[in-house]
Amino acid sequence: MRDPQATGGDAEPVRGAGPEAVHARDELLAEAVRGVLGSTRAYGAMVYLRSRDGRSLVLRTLVGVPLSIMSPFRRVAAAGPLPVAVCFRTGRTVALSDSEDTMRRFPQLAVGLPYDFVSACVPVGHGGERFGVLSVLWPASDDGVPAEEGGRLDAVASRLGAGLAGLVAAGESVEPAGDAAVVELSPPSVPTTRVGLFDWDVATGALAADTQFRAIFGFAPGEFDGTVRCLTGRIAPGDVPEFRAAARTALEHGEVLAARVRVLGPGGRPYPVELWARVPGAISDGRTHLVGAVLDVRSLTAAAAAVQRLHEGLISLDPDGLISYVNRAAEPLLGAGAEELVGHHPWEVLPWLADPFYENRYRAALLSQQPTAFLAARPPDGWLAFSLYPDPHGVTGRVVAAEAPPGAAEPPAALLPPRASLGTGAGGVGGTHHLLQLASALTEAVTVRDVCRAVADEILPAFGGQELAIYGVREQRLHLVSQSGYPDGFLDGFEGTPLDALVPGAETLSTGTPIFFESVRELAAAYPGLALDEMGAWAFLPLIASGRPVGSCILGFDRAHPFTVEERGLLTGLGGFIAQALERARLYDAEFALARGLQQGLLPHRLPQVPGIRTAARYLPGTQGMEIGGDWYDAIVTGDDLTLVIGDVEGHSVGAAAAMGQLRSAVRAFASLGEPPDQVLARTNRLLLDLDPGLLASCCLVRLTPADGTVRIGRAGHLPPVLRHPDGRAEALYVPGGPLLGVDERAAYPVSELRLRPGSLLALYTDGLVEDPALAIDQGVDRLRAALAHGRAGEELEELAERLLREVGSTGRVDDVALLLTAFGADGDYGAGGDYGARSATAGGSGAATFVGPGGDEG
């Protein structure tokens, strides 16, 4: 079954995890991501941890990747289609070699991060318990994930898993709480800036200085006598007045910042230093005492001067896209001064860069770690060429004047207004990706629960909201369908609200108009006496589909929130989109309830009791689509024999379930007449063709004679049974078979015969158990065979069935699963030893069974 909707409570304190445990956990995570960057060529790493309810994976720690870019992926559904979720569910590494590989295998990730990079997700666990996933990024290349680094990633993930397991063993919780922690990278290699410290008694002239201070002023060991007179002898004569003026300023005003003087170096050549000083508050001496530092800024000054002398514009942006430096040549090109630009995103302060294309170029450079270039039209009459050079610390941009590209329109004469912000995380490319992901998720959402989960997972982070409630209309009243982030019990008082009630959730639906409140004062003034929680702003959206009221959607913000014109328009449009998806899902849920009732009625409620034989069965619906299909199993007593049946009608619909019911009844009727397996399958095949449902079916039929252990197997396009021998060996029985039912009315279905000894176990199953997109079907069958062979002593049949579903089946399966286990032996003792017939022609050559061919000859 699909996971229920995950709530937004992951930011709450973790029960059982005190501050010391949280600190220990975060240290483990930080050590892990630093270890990845230190031992591989990766530029970024992230750790996702499972949420408290196990339904989500929460981004907890990252390095080398901006948190703003990863905002759409801070919280990932554990049952979802993203690589992090698949890695967590399967326990296997998921590697993506480039953007094409990502688009082919994980299109939802490509929608959110449409950039060219290499990535790998490695499971983090220990002793059979899975805690989360380590996700790693490399620059784009033709080689994909570096093969030699896989072992290093596994080692880091293993150490992290062991550390988290140690916390759990100590009774602490390791589930995430609070915001993701950004681990800072070591600063890039820059010219060294030396810092020296001093303590100066101005009244006496005594000056205590550390080793760095003395070295900056060029004093050899023992040369400095500890007086300010000795110090001024090393200052350029023309700067001594400046030095004394700085000291007076510090004494009068309490501090002096960045006073610059020149020091005489070797050969009398001066070089600059900066003095920072203040009056210490703990010393009461009439302001005659200074402490501070001196900075040797020679290398930085030279570097800055070199950059300033360039005739080309240079800008520096940090990993979040904020401008950190602009040289003089860039200011006239960009049409803005450094004071306007530094600390802001260029696409926010320069209206002609407000097109999301330009922000997207920055993100592409940062995530691919490859240089990129583009042209931009700068009103009123210019074009600029931008070249971006990234590294994990940010991006350096080169800006020069350029010719207009051929056929390009002239830049607009007037500046465009700055791009409107959509609140936290919703503006620009990040917001666009959120909305594209919501559209993609709603397209795939089938049930009402799916729709609500998609809305909560995408809208809350996109618009920076903390609460979301979706109400549906039933009998002219509003009933809560889903909520995220509300205090327990707060919404109880609104359950069953009439559509004509004077509350915003009802009025927005009756008027068909969204209602926005930017502050508590606005809402309280419009609806006096309305119960309020701790939120500071709200958006109430009507959900109307095909002119019919479907429900209302309420989005809450924890502080006052000014809704821009663009944001209001987007939320209004999303209301209609959500309404259509919700109405479609409600119709599906109604059909699903009918189909599930039909299917449950058609499957056997209990299996027959036969002396010397034990049976156990399991049925699991698929996790996508209709969640109902044509898989079935049955066990039929036919005289002294027991007939075991497993089958699968293609498709997931009411029609598939109905066809399954007809086939099950037919097989039961034909088998009860005592007909051999080949005739049962042949007659069922002709019946399916006569019914003409437009569907095909596979089936495997096994007739077991308990008296001597004889087994006769017939297959109609179905996967082979898997047999476990008394000594624990297991093999897939690839016996001959015929085509699928419903293909050819003249089809024949050969029967193969073998004889069992007590202690044998036979597994019949449908393909949903062994299918995996990452494996060939034969490998899936072999995984089932291995799981059967690794059974523990004394394992009960019901326990075995549950274990096979866990170890072989996938939580992300899209198909139904039917499993029928049969243990042959006195009192079901299928762990005992026993002898087999001496002659064998099994597929595996194990010597464990004697086959009799379709014509009655021994194989």
# chains A, B, ... in the order shown; residues from 1 in each chain; ligands from 1

call {"tool": "residues_around", "arguments": {"residues": "stretch 226-232 of chain A", "least_positions_apart": "5", "cutoff": "8 Å", "atoms": "only C-alpha atoms", "output": "list in words"}}
result
Trp200, Gly205, Ala206, Leu207, Ala208, Ala209, Phe217 and Val240 of chain A

call {"tool": "write_last_selection", "arguments": {"atoms": "N, CA and C atoms", "output": "mmCIF file, in the first residue's frame"}}
result
data_model
loop_
_atom_site.group_PDB
_atom_site.id
_atom_site.type_symbol
_atom_site.label_atom_id
_atom_site.label_comp_id
_atom_site.auth_asym_id
_atom_site.auth_seq_id
_atom_site.Cartn_x
_atom_site.Cartn_y
_atom_site.Cartn_z
ATOM 1 N N TRP A 200 48.796 48.110 24.261
ATOM 2 C CA TRP A 200 49.609 49.341 24.311
ATOM 3 C C TRP A 200 49.143 50.207 25.466
ATOM 4 N N GLY A 205 53.955 54.318 27.191
ATOM 5 C CA GLY A 205 54.646 53.973 25.955
ATOM 6 C C GLY A 205 55.020 52.516 25.860
ATOM 7 N N ALA A 206 54.655 51.698 26.870
ATOM 8 C CA ALA A 206 54.957 50.263 26.828
ATOM 9 C C ALA A 206 54.009 49.573 25.851
ATOM 10 N N LEU A 207 54.551 48.696 25.008
ATOM 11 C CA LEU A 207 53.743 48.014 23.999
ATOM 12 C C LEU A 207 54.123 46.538 23.977
ATOM 13 N N ALA A 208 53.168 45.686 24.425
ATOM 14 C CA ALA A 208 53.388 44.232 24.373
ATOM 15 C C ALA A 208 52.844 43.709 23.050
ATOM 16 N N ALA A 209 53.648 42.907 22.350
ATOM 17 C CA ALA A 209 53.241 42.421 21.017
ATOM 18 C C ALA A 209 53.609 40.952 20.879
ATOM 19 N N PHE A 217 56.151 43.865 11.379
ATOM 20 C CA PHE A 217 56.923 45.105 11.376
ATOM 21 C C PHE A 217 58.419 44.868 11.111
ATOM 22 N N VAL A 240 53.855 58.485 10.179
ATOM 23 C CA VAL A 240 53.873 58.533 11.642
ATOM 24 C C VAL A 240 52.770 59.433 12.173
#

call {"tool": "residues_around", "arguments": {"residues": "stretch 512-517 of chain A", "least_positions_apart": "3", "cutoff": "6 Å", "atoms": "only C-alpha atoms", "output": "PyMOL selection string"}}
result
chain A and resi 508-509+522-523+537-542

call {"tool": "residues_around", "arguments": {"residues": "stretch 788-798 of chain A", "least_positions_apart": "5", "cutoff": "8 Å", "atoms": "only C-alpha atoms", "output": "PyMOL selection string"}}
result
chain A and resi 614-616+724+728-730+804+821+823+831

call {"tool": "closest_residue", "arguments": {"among": "A:Gln779, A:Thr684, A:Thr61, A:Thr193", "to": "A:Val743", "atoms": "only C-alpha atoms"}}
result
A:Thr684

call {"tool": "residues_around", "arguments": {"residues": "stretch 182-187 of chain A", "least_positions_apart": "5", "cutoff": "9 Å", "atoms": "only C-alpha atoms", "output": "list in words"}}
result
Ala30, Val33, Arg34, Arg60, Thr61, Leu62, Val63, Gly64, Val65, Pro66, Leu67, Pro392 and His393 of chain A

call {"tool": "select_by_dssp", "arguments": {"residues": "stretch 272-509 of chain A", "states": "strand (DSSP E)", "output": "ChimeraX atom specification"}}
result
/A:272-278,289-296,313-317,323-326,372-378,382-391,394-402,467-474,477-484,497-498

call {"tool": "select_by_dssp", "arguments": {"residues": "stretch 155-371 of chain A", "states": "helix (DSSP H, G or I)", "output": "JSON, numbers by chain"}}
result
{"A": [155, 156, 157, 158, 159, 160, 161, 162, 163, 164, 165, 166, 167, 168, 169, 211, 212, 213, 214, 215, 216, 228, 229, 230, 231, 232, 237, 238, 239, 240, 241, 242, 243, 244, 245, 246, 247, 248, 249, 250, 251, 252, 253, 266, 267, 268, 298, 299, 300, 301, 302, 303, 304, 305, 306, 307, 308, 309, 330, 331, 332, 333, 334, 338, 339, 340, 341, 346, 347, 348, 349, 351, 352, 353, 356, 357, 358, 359, 360, 361, 362, 363, 364, 365, 366, 367, 368]}

call {"tool": "residues_around", "arguments": {"residues": "stretch 580-587 of chain A", "least_positions_apart": "4", "cutoff": "8 Å", "atoms": "only C-alpha atoms", "output": "VMD selection string"}}
result
chain A and resid 442 to 443 445 to 448 451 544 to 546 550 576 591

call {"tool": "residues_around", "arguments": {"residues": "A:Val273", "least_positions_apart": "5", "cutoff": "12 Å", "atoms": "only C-alpha atoms", "output": "short mmCIF file (atom, residue, chain, number, x, y, z; two decimals) with C-alpha atoms, in the first residue's frame"}}
result
data_model
loop_
_atom_site.label_atom_id
_atom_site.label_comp_id
_atom_site.auth_asym_id
_atom_site.auth_seq_id
_atom_site.Cartn_x
_atom_site.Cartn_y
_atom_site.Cartn_z
CA THR A 193 46.90 37.61 5.50
CA ARG A 194 48.98 37.74 8.68
CA VAL A 195 47.48 39.12 11.89
CA GLY A 196 49.45 40.32 14.92
CA PHE A 213 53.07 41.51 15.23
CA ILE A 216 54.86 42.06 10.35
CA PHE A 217 56.92 45.10 11.38
CA GLY A 218 60.14 43.35 10.36
CA ARG A 234 59.68 51.05 11.49
CA ILE A 235 56.81 53.19 10.17
CA ALA A 236 57.34 55.29 7.04
CA ASP A 239 52.80 57.99 8.02
CA PHE A 243 49.65 56.50 13.21
CA ALA A 258 41.26 49.85 9.54
CA ALA A 259 43.65 52.76 9.91
CA ARG A 260 46.27 52.21 7.23
CA VAL A 261 50.00 53.04 7.56
CA ARG A 262 53.08 51.93 5.68
CA VAL A 263 55.88 49.88 7.19
CA LEU A 264 59.47 50.12 5.93
CA GLY A 265 60.49 46.79 4.56
CA ALA A 293 45.54 43.95 15.93
CA VAL A 294 47.65 44.75 12.92
CA LEU A 295 46.93 43.15 9.54
CA ASP A 296 49.51 42.58 6.83
CA VAL A 297 47.37 43.31 3.74
CA ARG A 298 50.13 43.37 1.14
CA SER A 299 48.97 40.34 -0.85
CA LEU A 300 45.27 41.19 -0.68
CA THR A 301 45.90 44.79 -1.58
#

call {"tool": "residues_around", "arguments": {"residues": "A:Ile713", "least_positions_apart": "4", "cutoff": "8 Å", "atoms": "only C-alpha atoms", "output": "compact mmCIF listing (two decimals) with N, CA and C atoms, in the first residue's frame"}}
result
# COMPACT_ATOMS: atom_id res chain seq x y z
N PRO A 677 -3.69 -31.18 -15.31
CA PRO A 677 -3.33 -29.76 -15.42
C PRO A 677 -3.33 -29.23 -16.85
N CYS A 700 0.05 -20.64 -13.50
CA CYS A 700 0.84 -21.82 -13.19
C CYS A 700 -0.02 -22.72 -12.30
N LEU A 701 -0.16 -23.98 -12.70
CA LEU A 701 -1.02 -24.92 -11.99
C LEU A 701 -0.19 -26.12 -11.56
N VAL A 702 -0.26 -26.46 -10.28
CA VAL A 702 0.52 -27.55 -9.71
C VAL A 702 -0.43 -28.50 -9.00
N ARG A 703 -0.41 -29.77 -9.39
CA ARG A 703 -1.21 -30.78 -8.71
C ARG A 703 -0.28 -31.65 -7.87
N VAL A 735 10.44 -25.53 -16.03
CA VAL A 735 9.84 -26.63 -16.77
C VAL A 735 9.20 -26.09 -18.04
N VAL A 751 2.87 -30.81 -19.39
CA VAL A 751 2.94 -31.02 -17.95
C VAL A 751 4.24 -31.73 -17.61
N SER A 752 4.93 -31.24 -16.63
CA SER A 752 6.16 -31.88 -16.15
C SER A 752 5.90 -32.43 -14.76
N GLU A 753 6.51 -33.59 -14.50
CA GLU A 753 6.24 -34.27 -13.23
C GLU A 753 7.54 -34.43 -12.45

call {"tool": "closest_atom_pairs", "arguments": {"of": "stretch 449-498 of chain A", "to": "stretch 566-574 of chain A", "cutoff": "12 Å", "atoms": "only C-alpha atoms", "output": "tab-separated table"}}
result
residue	atom	partner	partner_atom	distance
A:Val455	CA	A:Leu574	CA	9.6
A:Glu458	CA	A:Leu574	CA	11.3
A:Ile459	CA	A:Leu571	CA	9.2
A:Leu460	CA	A:Leu571	CA	11.6
A:Ala462	CA	A:Glu567	CA	10.7
A:Phe463	CA	A:Glu567	CA	8.5
A:Gly464	CA	A:Glu567	CA	11.6

call {"tool": "closest_residue", "arguments": {"among": "A:Gly238, A:Gly222, A:Pro504, A:Gly321", "to": "A:Ser68", "atoms": "only C-alpha atoms"}}
result
A:Gly321

call {"tool": "closest_residue", "arguments": {"among": "A:Ala525, A:Ala336, A:Ile554, A:Leu691", "to": "A:Leu468", "atoms": "only C-alpha atoms"}}
result
A:Ile554

call {"tool": "closest_residue", "arguments": {"among": "A:Gln679, A:Leu502, A:Ala165, A:Val649", "to": "A:Leu695", "atoms": "only C-alpha atoms"}}
result
A:Val649

call {"tool": "atom_distance", "arguments": {"atom1": "atom CA of A:Glu149", "atom2": "atom CA of A:Leu37"}}
result
11.0 Å
